[in-house]
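Containing compact mmCIF, C-alpha atoms: upload.txt.
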```txt
# COMPACT_ATOMS: atom_id res chain seq x y z
CA MET A 988 29.97 -146.06 70.93
CA ASP A 989 33.21 -144.57 69.65
CA LEU A 990 35.96 -147.10 69.01
CA GLU A 991 39.72 -146.79 68.81
CA LYS A 992 40.54 -145.98 65.19
CA LYS A 993 42.69 -149.06 64.75
CA ALA A 994 39.69 -151.24 65.69
CA TYR A 995 37.87 -150.35 62.46
CA PRO A 996 38.46 -153.75 60.76
CA LYS A 997 36.44 -155.38 63.57
CA VAL A 998 33.17 -153.95 62.26
CA LEU A 999 33.64 -155.59 58.82
CA VAL A 1000 33.24 -159.29 57.96
CA ARG A 1001 35.92 -160.17 55.48
CA PRO A 1002 36.47 -163.29 53.35
CA VAL A 1003 39.31 -165.51 54.57
CA VAL A 1004 41.67 -166.68 51.85
CA VAL A 1005 44.93 -168.61 52.05
CA ILE A 1006 47.54 -167.28 49.65
CA THR A 1007 50.17 -169.64 48.30
CA THR A 1008 53.50 -168.53 46.85
CA ILE A 1009 56.81 -170.26 46.19
CA SER A 1010 60.43 -169.46 46.95
CA GLU A 1011 63.12 -169.37 44.29
CA ARG A 1012 63.92 -172.97 45.17
CA GLY A 1013 60.27 -173.91 44.64
CA ILE A 1014 59.29 -174.38 48.31
CA PRO A 1015 55.65 -173.36 48.84
CA ASN A 1016 54.49 -170.87 51.41
CA ALA A 1017 50.87 -170.56 52.56
CA ALA A 1018 49.38 -167.87 54.75
CA PRO A 1019 45.84 -166.72 55.61
CA PHE A 1020 44.69 -163.18 54.78
CA SER A 1021 41.43 -161.33 55.22
CA PHE A 1022 42.37 -157.81 54.10
CA ASN A 1023 41.53 -158.50 50.47
CA SER A 1024 39.13 -157.46 47.72
CA PRO A 1025 38.33 -157.64 44.03
CA ILE A 1026 39.39 -154.40 42.30
CA SER A 1027 38.55 -154.49 38.59
CA PHE A 1028 36.61 -156.65 36.12
CA ASP A 1029 38.42 -155.76 32.88
CA PRO A 1030 41.21 -156.57 33.27
CA PRO A 1031 40.33 -158.81 36.21
CA LEU A 1032 42.38 -157.50 39.15
CA TYR A 1033 42.41 -158.72 42.75
CA GLY A 1034 44.19 -157.08 45.70
CA PHE A 1035 45.31 -157.95 49.21
CA SER A 1036 47.19 -156.27 52.01
CA CYS A 1037 50.43 -157.91 53.11
CA ASN A 1038 52.86 -157.26 55.94
CA PRO A 1039 56.07 -156.28 54.12
CA ALA A 1040 58.14 -158.56 56.38
CA HIS A 1041 56.04 -161.56 55.39
CA ASP A 1042 57.42 -164.47 53.32
CA THR A 1043 54.42 -164.02 50.98
CA TRP A 1044 55.74 -160.62 49.87
CA ARG A 1045 59.32 -161.91 49.74
CA ASN A 1046 58.23 -164.62 47.30
CA ILE A 1047 55.96 -162.38 45.21
CA GLN A 1048 58.78 -159.86 44.84
CA ARG A 1049 60.96 -162.58 43.37
CA ASN A 1050 58.61 -164.28 40.95
CA GLY A 1051 55.37 -162.28 40.93
CA GLU A 1052 52.96 -165.20 41.23
CA PHE A 1053 50.39 -166.25 43.80
CA VAL A 1054 47.25 -168.34 44.21
CA VAL A 1055 44.27 -167.13 46.24
CA ASN A 1056 42.74 -170.24 47.81
CA VAL A 1057 39.16 -169.55 48.93
CA VAL A 1058 38.43 -171.56 52.05
CA GLY A 1059 35.50 -172.68 54.17
CA LYS A 1060 35.01 -173.29 57.86
CA GLY A 1061 36.81 -176.62 57.52
CA LEU A 1062 40.02 -174.55 57.49
CA GLY A 1063 39.11 -172.64 60.66
CA GLU A 1064 40.91 -175.03 63.01
CA LEU A 1065 44.06 -174.90 60.85
CA LEU A 1066 44.43 -171.13 60.61
CA HIS A 1067 46.74 -170.88 63.62
CA VAL A 1068 49.08 -173.42 62.01
CA LEU A 1069 49.07 -171.62 58.65
CA GLU A 1070 49.84 -168.27 60.27
CA THR A 1071 52.64 -169.57 62.50
CA ASP A 1072 55.94 -167.91 61.66
CA TYR A 1073 57.93 -170.95 60.57
CA PRO A 1074 61.42 -170.46 59.13
CA TYR A 1075 61.52 -169.38 55.48
CA GLU A 1076 61.09 -172.35 53.13
CA GLU A 1077 59.41 -174.52 55.75
CA SER A 1078 56.03 -175.39 54.22
CA GLU A 1079 52.97 -174.36 56.25
CA LEU A 1080 50.95 -176.73 54.07
CA GLU A 1081 52.91 -179.70 55.40
CA HIS A 1082 52.57 -178.47 58.98
CA ALA A 1083 48.81 -178.12 58.50
CA GLY A 1084 48.41 -181.47 56.74
CA LEU A 1085 47.08 -179.83 53.58
CA THR A 1086 47.64 -181.06 50.05
CA GLU A 1087 49.43 -179.29 47.21
CA GLU A 1088 47.86 -179.45 43.78
CA LYS A 1089 49.37 -178.09 40.59
CA ALA A 1090 47.99 -174.73 39.51
CA LYS A 1091 47.16 -174.17 35.82
CA ARG A 1092 48.92 -170.92 34.93
CA VAL A 1093 51.30 -170.12 37.80
CA LYS A 1094 54.01 -172.01 39.68
CA PRO A 1095 52.73 -171.73 43.27
CA PRO A 1096 50.43 -174.65 44.11
CA ARG A 1097 46.74 -174.60 44.73
CA ILE A 1098 45.54 -176.09 48.02
CA LYS A 1099 43.47 -179.15 47.15
CA GLU A 1100 41.22 -178.72 50.20
CA ALA A 1101 40.20 -175.17 49.15
CA LEU A 1102 36.82 -174.52 47.51
CA ALA A 1103 37.91 -172.17 44.75
CA TRP A 1104 41.18 -170.81 43.37
CA ILE A 1105 42.15 -167.49 41.84
CA GLU A 1106 45.56 -167.65 40.14
CA CYS A 1107 47.29 -164.27 39.88
CA LYS A 1108 50.35 -162.54 38.47
CA ARG A 1109 51.52 -159.38 40.18
CA GLU A 1110 50.38 -156.24 38.41
CA HIS A 1111 51.05 -153.43 40.89
CA HIS A 1112 52.01 -152.79 44.49
CA VAL A 1113 52.03 -149.78 46.74
CA GLU A 1114 53.13 -149.30 50.34
CA LEU A 1115 50.17 -147.98 52.30
CA GLY A 1116 50.75 -147.50 56.03
CA ASP A 1117 52.18 -150.59 57.69
CA HIS A 1118 51.18 -152.91 54.82
CA ILE A 1119 51.76 -153.34 51.10
CA TRP A 1120 48.70 -153.41 48.89
CA ILE A 1121 49.50 -156.03 46.25
CA THR A 1122 47.39 -156.19 43.10
CA GLY A 1123 47.43 -159.27 40.91
CA ARG A 1124 46.00 -159.88 37.48
CA VAL A 1125 43.70 -162.89 37.53
CA VAL A 1126 44.97 -165.43 34.99
CA GLU A 1127 42.81 -168.43 35.95
CA VAL A 1128 39.79 -169.06 38.18
CA ALA A 1129 38.27 -172.37 39.17
CA VAL A 1130 35.77 -173.68 41.69
CA LYS A 1131 34.85 -177.17 42.83
CA ASP A 1132 31.79 -178.18 40.77
CA GLU A 1133 29.63 -178.96 43.79
CA PHE A 1134 29.95 -175.41 45.13
CA TRP A 1135 28.97 -173.57 41.95
CA LYS A 1136 25.34 -172.69 41.30
CA ASP A 1137 23.82 -172.74 37.82
CA ALA A 1138 22.93 -169.10 38.46
CA GLY A 1139 26.66 -168.30 38.16
CA VAL A 1140 27.70 -167.69 41.74
CA ILE A 1141 29.24 -169.70 44.58
CA ASP A 1142 26.81 -171.71 46.71
CA VAL A 1143 27.51 -170.01 50.01
CA GLU A 1144 25.49 -172.51 52.04
CA LYS A 1145 27.13 -175.64 50.62
CA ALA A 1146 30.59 -174.09 50.52
CA LYS A 1147 30.36 -172.96 54.17
CA LEU A 1148 32.60 -169.99 53.45
CA LEU A 1149 34.71 -168.54 56.24
CA CYS A 1150 34.90 -164.83 57.11
CA HIS A 1151 36.88 -162.96 59.76
CA MET A 1152 35.87 -160.11 62.04
CA GLY A 1153 38.83 -159.85 64.43
CA GLY A 1154 41.04 -161.90 66.75
CA GLU A 1155 39.49 -165.31 67.40
CA PHE A 1156 36.12 -164.23 66.00
CA PHE A 1157 34.90 -165.52 62.64
CA ALA A 1158 31.60 -165.70 60.75
CA VAL A 1159 30.36 -169.03 59.39
CA ASP A 1160 27.20 -170.87 58.33
CA MET A 1161 25.80 -167.98 56.33
CA LYS A 1162 22.56 -168.29 54.40
CA GLU A 1163 21.85 -167.10 50.89
CA ALA A 1164 19.45 -164.23 50.27
CA LYS A 1165 18.37 -162.63 46.99
CA TYR A 1166 17.84 -158.88 46.68
CA LYS A 1167 16.80 -156.87 43.65
CA ARG A 1168 19.58 -154.95 41.87
CA ALA A 1169 19.37 -151.75 39.84
CA GLN A 1170 19.42 -152.17 36.07
CA MET B 977 35.25 -176.20 36.99
CA ASP B 978 37.10 -173.39 35.23
CA LEU B 979 35.31 -170.05 35.30
CA GLU B 980 35.54 -166.97 33.14
CA LYS B 981 38.27 -164.79 34.65
CA LYS B 982 35.94 -161.87 35.20
CA ALA B 983 33.70 -164.12 37.37
CA TYR B 984 36.36 -164.31 40.11
CA PRO B 985 34.54 -161.95 42.54
CA LYS B 986 31.66 -164.46 42.64
CA VAL B 987 33.69 -166.95 44.70
CA LEU B 988 34.32 -164.38 47.47
CA VAL B 989 31.79 -163.14 50.05
CA ARG B 990 32.42 -159.46 50.58
CA PRO B 991 31.07 -157.02 53.18
CA VAL B 992 28.46 -154.61 51.83
CA VAL B 993 29.00 -150.99 52.82
CA VAL B 994 27.19 -147.83 51.76
CA ILE B 995 29.59 -144.95 51.17
CA THR B 996 28.35 -141.41 51.70
CA THR B 997 29.99 -138.32 50.20
CA ILE B 998 28.84 -134.76 49.56
CA SER B 999 28.94 -132.42 46.59
CA GLU B 1000 30.46 -128.95 46.76
CA ARG B 1001 26.99 -127.62 47.49
CA GLY B 1002 26.63 -130.04 50.39
CA ILE B 1003 24.17 -132.49 48.77
CA PRO B 1004 24.82 -136.02 50.02
CA ASN B 1005 25.40 -139.01 47.77
CA ALA B 1006 25.12 -142.61 48.94
CA ALA B 1007 26.11 -145.74 47.05
CA PRO B 1008 26.67 -149.40 47.96
CA PHE B 1009 30.07 -151.03 47.45
CA SER B 1010 31.43 -154.49 48.14
CA PHE B 1011 34.92 -154.27 46.63
CA ASN B 1012 36.49 -152.97 49.85
CA SER B 1013 39.01 -153.92 52.51
CA PRO B 1014 40.99 -152.72 55.49
CA ILE B 1015 44.60 -152.02 54.45
CA SER B 1016 46.69 -150.88 57.41
CA PHE B 1017 46.41 -150.58 61.21
CA ASP B 1018 48.93 -147.80 61.87
CA PRO B 1019 47.98 -145.46 60.40
CA PRO B 1020 44.48 -146.93 60.05
CA LEU B 1021 43.78 -147.09 56.30
CA TYR B 1022 40.72 -148.43 54.51
CA GLY B 1023 40.29 -148.92 50.75
CA PHE B 1024 37.53 -149.44 48.22
CA SER B 1025 37.23 -149.78 44.48
CA CYS B 1026 35.15 -147.17 42.69
CA ASN B 1027 33.98 -146.75 39.11
CA PRO B 1028 35.74 -143.54 37.97
CA ALA B 1029 32.49 -142.25 36.41
CA HIS B 1030 30.67 -142.56 39.73
CA ASP B 1031 29.45 -139.53 41.72
CA THR B 1032 31.27 -140.97 44.76
CA TRP B 1033 34.64 -140.39 43.08
CA ARG B 1034 33.54 -137.01 41.73
CA ASN B 1035 32.76 -135.89 45.29
CA ILE B 1036 35.87 -137.40 46.87
CA GLN B 1037 38.05 -135.71 44.28
CA ARG B 1038 36.59 -132.37 45.32
CA ASN B 1039 36.67 -132.59 49.10
CA GLY B 1040 38.43 -135.85 49.99
CA GLU B 1041 35.95 -137.06 52.60
CA PHE B 1042 33.70 -140.09 52.90
CA VAL B 1043 31.86 -142.22 55.45
CA VAL B 1044 31.77 -146.01 55.24
CA ASN B 1045 28.38 -147.06 56.59
CA VAL B 1046 28.41 -150.74 57.59
CA VAL B 1047 25.00 -152.23 56.93
CA GLY B 1048 22.96 -155.30 57.78
CA LYS B 1049 20.35 -157.32 55.93
CA GLY B 1050 17.78 -154.63 56.74
CA LEU B 1051 19.37 -152.66 53.89
CA GLY B 1052 19.14 -155.52 51.41
CA GLU B 1053 15.79 -154.47 49.99
CA LEU B 1054 17.03 -150.87 49.53
CA LEU B 1055 20.23 -151.63 47.64
CA HIS B 1056 18.64 -151.29 44.21
CA VAL B 1057 17.42 -147.80 45.15
CA LEU B 1058 20.82 -146.73 46.49
CA GLU B 1059 22.59 -147.93 43.36
CA THR B 1060 20.17 -146.33 40.92
CA ASP B 1061 21.89 -143.72 38.76
CA TYR B 1062 19.96 -140.62 39.80
CA PRO B 1063 21.08 -137.21 38.50
CA TYR B 1064 24.05 -135.68 40.31
CA GLU B 1065 23.01 -133.99 43.56
CA GLU B 1066 19.79 -135.96 43.87
CA SER B 1067 20.07 -137.70 47.24
CA GLU B 1068 19.84 -141.52 47.17
CA LEU B 1069 19.20 -141.37 50.91
CA GLU B 1070 15.96 -139.50 50.35
CA HIS B 1071 14.91 -141.90 47.59
CA ALA B 1072 15.57 -144.85 49.92
CA GLY B 1073 13.87 -143.26 52.92
CA LEU B 1074 17.07 -143.35 54.97
CA THR B 1075 18.09 -140.80 57.56
CA GLU B 1076 21.12 -138.50 57.53
CA GLU B 1077 23.00 -138.06 60.77
CA LYS B 1078 25.90 -135.70 61.34
CA ALA B 1079 29.32 -137.34 61.22
CA LYS B 1080 31.91 -136.40 63.85
CA ARG B 1081 35.02 -135.52 61.85
CA VAL B 1082 33.95 -135.23 58.21
CA LYS B 1083 31.25 -133.35 56.32
CA PRO B 1084 29.44 -136.23 54.56
CA PRO B 1085 26.64 -137.60 56.73
CA ARG B 1086 26.45 -140.94 58.44
CA ILE B 1087 23.37 -143.06 57.70
CA LYS B 1088 21.46 -143.39 60.94
CA GLU B 1089 20.11 -146.83 60.02
CA ALA B 1090 23.65 -148.25 59.58
CA LEU B 1091 25.24 -150.43 62.29
CA ALA B 1092 28.70 -148.90 62.33
CA TRP B 1093 30.51 -145.98 60.70
CA ILE B 1094 34.08 -145.49 59.53
CA GLU B 1095 34.82 -141.83 58.77
CA CYS B 1096 37.68 -141.33 56.30
CA LYS B 1097 39.79 -138.68 54.63
CA ARG B 1098 41.36 -139.53 51.30
CA GLU B 1099 44.98 -140.57 51.58
CA HIS B 1100 45.83 -142.10 48.20
CA HIS B 1101 44.26 -143.27 44.98
CA VAL B 1102 45.42 -145.28 42.01
CA GLU B 1103 43.72 -146.28 38.78
CA LEU B 1104 43.74 -150.07 38.55
CA GLY B 1105 41.98 -151.54 35.53
CA ASP B 1106 38.44 -150.24 35.12
CA HIS B 1107 38.24 -148.93 38.71
CA ILE B 1108 40.01 -146.51 41.03
CA TRP B 1109 41.32 -147.92 44.29
CA ILE B 1110 40.67 -145.17 46.82
CA THR B 1111 42.43 -145.30 50.18
CA GLY B 1112 41.16 -143.26 53.11
CA ARG B 1113 42.70 -142.56 56.49
CA VAL B 1114 40.27 -143.54 59.24
CA VAL B 1115 39.61 -140.49 61.41
CA GLU B 1116 36.67 -141.78 63.48
CA VAL B 1117 34.99 -145.14 64.06
CA ALA B 1118 31.75 -145.83 65.89
CA VAL B 1119 29.33 -148.70 66.32
CA LYS B 1120 25.84 -148.94 67.80
CA ASP B 1121 26.30 -150.11 71.39
CA GLU B 1122 23.99 -153.09 71.04
CA PHE B 1123 26.10 -154.59 68.25
CA TRP B 1124 29.48 -154.42 70.01
CA LYS B 1125 30.69 -157.35 72.10
CA ASP B 1126 32.70 -156.88 75.28
CA ALA B 1127 35.33 -159.05 73.60
CA GLY B 1128 36.03 -156.11 71.27
CA VAL B 1129 34.44 -157.18 68.03
CA ILE B 1130 31.12 -156.69 66.25
CA ASP B 1131 28.33 -159.09 67.21
CA VAL B 1132 27.80 -160.63 63.81
CA GLU B 1133 24.65 -162.50 64.86
CA LYS B 1134 22.86 -159.51 66.36
CA ALA B 1135 24.07 -157.11 63.67
CA LYS B 1136 22.91 -159.42 60.85
CA LEU B 1137 25.67 -158.16 58.60
CA LEU B 1138 25.19 -158.25 54.85
CA CYS B 1139 27.72 -159.66 52.37
CA HIS B 1140 27.65 -159.90 48.58
CA MET B 1141 28.70 -162.71 46.27
CA GLY B 1142 27.44 -161.53 42.88
CA GLY B 1143 24.36 -160.21 41.07
CA GLU B 1144 21.26 -160.75 43.20
CA PHE B 1145 23.04 -163.16 45.53
CA PHE B 1146 23.95 -162.13 49.06
CA ALA B 1147 25.00 -163.86 52.30
CA VAL B 1148 23.12 -163.17 55.52
CA ASP B 1149 22.32 -164.68 58.93
CA MET B 1150 25.88 -165.73 59.65
CA LYS B 1151 26.84 -167.36 62.94
CA GLU B 1152 29.86 -166.59 65.06
CA ALA B 1153 32.64 -169.14 65.48
CA LYS B 1154 35.88 -168.92 67.45
CA TYR B 1155 39.13 -170.36 66.15
CA LYS B 1156 42.55 -170.38 67.75
CA ARG B 1157 45.05 -167.83 66.40
CA ALA B 1158 48.84 -168.02 66.30
CA GLN B 1159 50.64 -166.00 68.98
```

Would you write out, as structure tokens, the structure that this file holds?
Amino acid sequence: MDLEKKAYPKVLVRPVVVITTISERGIPNAAPFSFNSPISFDPPLYGFSCNPAHDTWRNIQRNGEFVVNVVGKGLGELLHVLETDYPYEESELEHAGLTEEKAKRVKPPRIKEALAWIECKREHHVELGDHIWITGRVVEVAVKDEFWKDAGVIDVEKAKLLCHMGGEFFAVDMKEAKYKRAQ
Amino acid sequence: MDLEKKAYPKVLVRPVVVITTISERGIPNAAPFSFNSPISFDPPLYGFSCNPAHDTWRNIQRNGEFVVNVVGKGLGELLHVLETDYPYEESELEHAGLTEEKAKRVKPPRIKEALAWIECKREHHVELGDHIWITGRVVEVAVKDEFWKDAGVIDVEKAKLLCHMGGEFFAVDMKEAKYKRAQ
């Protein structure tokens, strides 16, 4: 079946992250994103697509720092709060009842309830269509011990990671599978 | 627990796609990618991160066209074949026993065994770290009827979509959940 071209994101399951930034006065902003991807290993670069009118971009333009908070299905019920368009400098974290925690290498806070954190400093940005593709250099990465496997990968079953397809539809409760890779 | 910075992709579950391109002589190439994301709705833009030495980039540089084949766990066992570094113009699709199908608006083929297809023409590219971030304009999107829900989103449970965390570790068998969105 042919789909409208703008429906193309709805055939991809994408990881939900909540990105935290801070204003010049140090007030945190938090917003969920699912248009996001790793880009490079060396240097480690991560990218996400941001509405240019969004407070996240406003803050990153000013101080260049953000934290990618990787979240699980526990955050599902709070997404609509985090994505509500509150006035600038009104903290979505407070509205959602989430907890700020100091990040290691950047000023925006981590979200304590997240499962893993990728701290970034802006490296590059480019306007592409109706969004800005923002690339950050990864300066610190951490994961809650209980969600990290000895094999060196997140435990997707324990972490109960959250992905988005479109609108109200999300993917949860995924199982781990192992497939052979090329050498 | 703090992780090595280059391990950051291993805390994100990312959709696996197989990207098909063709050489100047019309020989198809197919390779799996998981560093990929939607970027913009209007115009519809999709991006992925490609090793600059890869045949996929070589082909896109020449003719600017590619198909994003969205795949399910049925492809898991074939990934190591698709990512094997065969000589240029040796078709990975043949090695993997997959079937070419004519695309609608671009020359590279769709993979018949895929669940959905996003046909793209190159719009932009930028070297970021050790990869090239390639952005394509979506010119056609289609999905197999049986995997599309009336609600206007892929049926993640029927489609059995495949995601990657890192190395041999993948996420499969995800369930659908519905969460409220902000207006």

How would chain B read as a short mmCIF file (atom, residue, chain, number, x, y, z; two decimals) with C-alpha atoms, in the coordinates of the input once least-squares superposed on chain A using all paired C-alpha atoms?
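Contents of selection-v1.cif, as written:
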```
data_model
loop_
_atom_site.label_atom_id
_atom_site.label_comp_id
_atom_site.auth_asym_id
_atom_site.auth_seq_id
_atom_site.Cartn_x
_atom_site.Cartn_y
_atom_site.Cartn_z
CA MET B 977 29.98 -146.07 70.93
CA ASP B 978 33.23 -144.57 69.65
CA LEU B 979 35.98 -147.10 69.01
CA GLU B 980 39.73 -146.82 68.80
CA LYS B 981 40.55 -146.00 65.18
CA LYS B 982 42.70 -149.07 64.74
CA ALA B 983 39.68 -151.26 65.69
CA TYR B 984 37.87 -150.36 62.45
CA PRO B 985 38.46 -153.76 60.76
CA LYS B 986 36.44 -155.38 63.57
CA VAL B 987 33.15 -153.96 62.26
CA LEU B 988 33.64 -155.58 58.82
CA VAL B 989 33.25 -159.29 57.98
CA ARG B 990 35.93 -160.17 55.48
CA PRO B 991 36.47 -163.29 53.36
CA VAL B 992 39.31 -165.52 54.58
CA VAL B 993 41.68 -166.68 51.85
CA VAL B 994 44.93 -168.62 52.06
CA ILE B 995 47.54 -167.26 49.66
CA THR B 996 50.17 -169.63 48.31
CA THR B 997 53.51 -168.52 46.85
CA ILE B 998 56.82 -170.25 46.20
CA SER B 999 60.44 -169.45 46.96
CA GLU B 1000 63.13 -169.36 44.29
CA ARG B 1001 63.91 -172.97 45.15
CA GLY B 1002 60.27 -173.92 44.63
CA ILE B 1003 59.28 -174.38 48.30
CA PRO B 1004 55.66 -173.37 48.82
CA ASN B 1005 54.49 -170.87 51.42
CA ALA B 1006 50.88 -170.56 52.56
CA ALA B 1007 49.38 -167.86 54.76
CA PRO B 1008 45.85 -166.71 55.62
CA PHE B 1009 44.70 -163.18 54.79
CA SER B 1010 41.43 -161.33 55.24
CA PHE B 1011 42.37 -157.81 54.11
CA ASN B 1012 41.52 -158.50 50.46
CA SER B 1013 39.13 -157.44 47.72
CA PRO B 1014 38.34 -157.64 44.04
CA ILE B 1015 39.39 -154.40 42.31
CA SER B 1016 38.55 -154.48 38.60
CA PHE B 1017 36.62 -156.65 36.12
CA ASP B 1018 38.43 -155.77 32.88
CA PRO B 1019 41.22 -156.56 33.26
CA PRO B 1020 40.33 -158.80 36.22
CA LEU B 1021 42.38 -157.50 39.17
CA TYR B 1022 42.41 -158.71 42.75
CA GLY B 1023 44.19 -157.08 45.71
CA PHE B 1024 45.31 -157.95 49.22
CA SER B 1025 47.20 -156.27 52.02
CA CYS B 1026 50.43 -157.91 53.12
CA ASN B 1027 52.87 -157.26 55.95
CA PRO B 1028 56.09 -156.26 54.12
CA ALA B 1029 58.15 -158.56 56.39
CA HIS B 1030 56.04 -161.56 55.40
CA ASP B 1031 57.41 -164.46 53.32
CA THR B 1032 54.43 -164.01 50.98
CA TRP B 1033 55.76 -160.62 49.86
CA ARG B 1034 59.33 -161.91 49.74
CA ASN B 1035 58.23 -164.62 47.30
CA ILE B 1036 55.98 -162.38 45.21
CA GLN B 1037 58.78 -159.86 44.84
CA ARG B 1038 60.96 -162.59 43.37
CA ASN B 1039 58.60 -164.30 40.94
CA GLY B 1040 55.37 -162.28 40.93
CA GLU B 1041 52.96 -165.20 41.23
CA PHE B 1042 50.38 -166.25 43.80
CA VAL B 1043 47.24 -168.33 44.21
CA VAL B 1044 44.26 -167.13 46.25
CA ASN B 1045 42.74 -170.23 47.82
CA VAL B 1046 39.15 -169.55 48.93
CA VAL B 1047 38.43 -171.56 52.05
CA GLY B 1048 35.50 -172.69 54.16
CA LYS B 1049 35.00 -173.30 57.86
CA GLY B 1050 36.81 -176.62 57.50
CA LEU B 1051 40.01 -174.55 57.50
CA GLY B 1052 39.11 -172.65 60.66
CA GLU B 1053 40.89 -175.02 63.01
CA LEU B 1054 44.06 -174.90 60.85
CA LEU B 1055 44.42 -171.13 60.62
CA HIS B 1056 46.72 -170.87 63.62
CA VAL B 1057 49.07 -173.40 62.01
CA LEU B 1058 49.07 -171.60 58.65
CA GLU B 1059 49.83 -168.27 60.28
CA THR B 1060 52.62 -169.55 62.50
CA ASP B 1061 55.94 -167.91 61.66
CA TYR B 1062 57.94 -170.95 60.58
CA PRO B 1063 61.44 -170.46 59.13
CA TYR B 1064 61.55 -169.38 55.49
CA GLU B 1065 61.09 -172.34 53.13
CA GLU B 1066 59.41 -174.51 55.73
CA SER B 1067 56.04 -175.38 54.20
CA GLU B 1068 52.96 -174.35 56.24
CA LEU B 1069 50.96 -176.74 54.07
CA GLU B 1070 52.91 -179.69 55.39
CA HIS B 1071 52.57 -178.47 58.98
CA ALA B 1072 48.80 -178.14 58.50
CA GLY B 1073 48.43 -181.48 56.73
CA LEU B 1074 47.07 -179.84 53.59
CA THR B 1075 47.63 -181.05 50.06
CA GLU B 1076 49.43 -179.27 47.22
CA GLU B 1077 47.86 -179.45 43.79
CA LYS B 1078 49.37 -178.09 40.60
CA ALA B 1079 47.99 -174.72 39.51
CA LYS B 1080 47.16 -174.18 35.83
CA ARG B 1081 48.93 -170.94 34.93
CA VAL B 1082 51.29 -170.13 37.80
CA LYS B 1083 54.00 -172.00 39.68
CA PRO B 1084 52.72 -171.73 43.28
CA PRO B 1085 50.45 -174.65 44.13
CA ARG B 1086 46.74 -174.60 44.74
CA ILE B 1087 45.53 -176.11 48.03
CA LYS B 1088 43.46 -179.14 47.16
CA GLU B 1089 41.22 -178.73 50.21
CA ALA B 1090 40.20 -175.18 49.15
CA LEU B 1091 36.81 -174.53 47.52
CA ALA B 1092 37.92 -172.19 44.75
CA TRP B 1093 41.19 -170.82 43.37
CA ILE B 1094 42.14 -167.49 41.84
CA GLU B 1095 45.55 -167.65 40.14
CA CYS B 1096 47.29 -164.27 39.87
CA LYS B 1097 50.34 -162.55 38.47
CA ARG B 1098 51.51 -159.39 40.17
CA GLU B 1099 50.38 -156.24 38.41
CA HIS B 1100 51.05 -153.43 40.89
CA HIS B 1101 52.00 -152.79 44.48
CA VAL B 1102 52.03 -149.77 46.74
CA GLU B 1103 53.13 -149.28 50.33
CA LEU B 1104 50.16 -147.98 52.31
CA GLY B 1105 50.75 -147.50 56.03
CA ASP B 1106 52.17 -150.59 57.70
CA HIS B 1107 51.18 -152.91 54.82
CA ILE B 1108 51.76 -153.34 51.10
CA TRP B 1109 48.69 -153.41 48.88
CA ILE B 1110 49.51 -156.03 46.26
CA THR B 1111 47.41 -156.18 43.10
CA GLY B 1112 47.43 -159.27 40.91
CA ARG B 1113 46.01 -159.87 37.46
CA VAL B 1114 43.70 -162.89 37.52
CA VAL B 1115 44.97 -165.43 34.99
CA GLU B 1116 42.82 -168.44 35.95
CA VAL B 1117 39.79 -169.06 38.17
CA ALA B 1118 38.28 -172.38 39.17
CA VAL B 1119 35.77 -173.68 41.67
CA LYS B 1120 34.83 -177.17 42.82
CA ASP B 1121 31.80 -178.18 40.76
CA GLU B 1122 29.64 -178.98 43.77
CA PHE B 1123 29.95 -175.43 45.12
CA TRP B 1124 28.97 -173.58 41.94
CA LYS B 1125 25.33 -172.70 41.29
CA ASP B 1126 23.82 -172.74 37.81
CA ALA B 1127 22.93 -169.11 38.46
CA GLY B 1128 26.65 -168.31 38.16
CA VAL B 1129 27.69 -167.71 41.73
CA ILE B 1130 29.22 -169.71 44.57
CA ASP B 1131 26.80 -171.71 46.71
CA VAL B 1132 27.51 -170.01 50.00
CA GLU B 1133 25.48 -172.52 52.03
CA LYS B 1134 27.12 -175.64 50.62
CA ALA B 1135 30.59 -174.08 50.53
CA LYS B 1136 30.36 -172.95 54.17
CA LEU B 1137 32.60 -169.99 53.45
CA LEU B 1138 34.70 -168.53 56.24
CA CYS B 1139 34.89 -164.82 57.10
CA HIS B 1140 36.88 -162.96 59.75
CA MET B 1141 35.88 -160.11 62.03
CA GLY B 1142 38.83 -159.86 64.41
CA GLY B 1143 41.05 -161.90 66.73
CA GLU B 1144 39.49 -165.30 67.38
CA PHE B 1145 36.12 -164.24 65.99
CA PHE B 1146 34.90 -165.53 62.65
CA ALA B 1147 31.59 -165.71 60.75
CA VAL B 1148 30.36 -169.02 59.38
CA ASP B 1149 27.19 -170.87 58.33
CA MET B 1150 25.80 -167.98 56.32
CA LYS B 1151 22.55 -168.29 54.40
CA GLU B 1152 21.86 -167.09 50.89
CA ALA B 1153 19.44 -164.23 50.26
CA LYS B 1154 18.38 -162.61 46.99
CA TYR B 1155 17.85 -158.88 46.67
CA LYS B 1156 16.80 -156.85 43.66
CA ARG B 1157 19.58 -154.94 41.87
CA ALA B 1158 19.36 -151.74 39.85
CA GLN B 1159 19.41 -152.20 36.07
#
```

Pairwise distance, atom CA of Arg1113 of chain B with atom CA of Arg1109 of chain A, equals 25.0 Å

(message) Contacts from chain A to chain B, 6 Å maximum, only C-alpha atoms: show me the residue list as a PyMOL selection string.
(response) chain A and resi 988-990+992-993+996-998+1000+1002+1022-1031+1036+1063-1064+1067+1071+1116-1118+1127-1132+1140-1141+1155-1169

Please return the centre and edge lengths, in Å to one decimal, of a box with edges along x, y and z that contains all listed atoms of segment 1013-1017 of chain A, widened by 6 Å on every side, as AutoDock Vina command-line options.
```
--center_x 55.6 --center_y -172.5 --center_z 48.6 --size_x 21.4 --size_y 15.8 --size_z 19.9
```

Counting all atoms listed in the file, which residues come within 8 Å of (61.2, -167.3, 44.7), with the point read in the file's coordinates, and could you list them as a list in words?
Ile1009, Ser1010, Glu1011, Arg1012, Gly1013, Arg1045, Asn1046, Ile1047, Gln1048, Arg1049 and Asn1050 of chain A
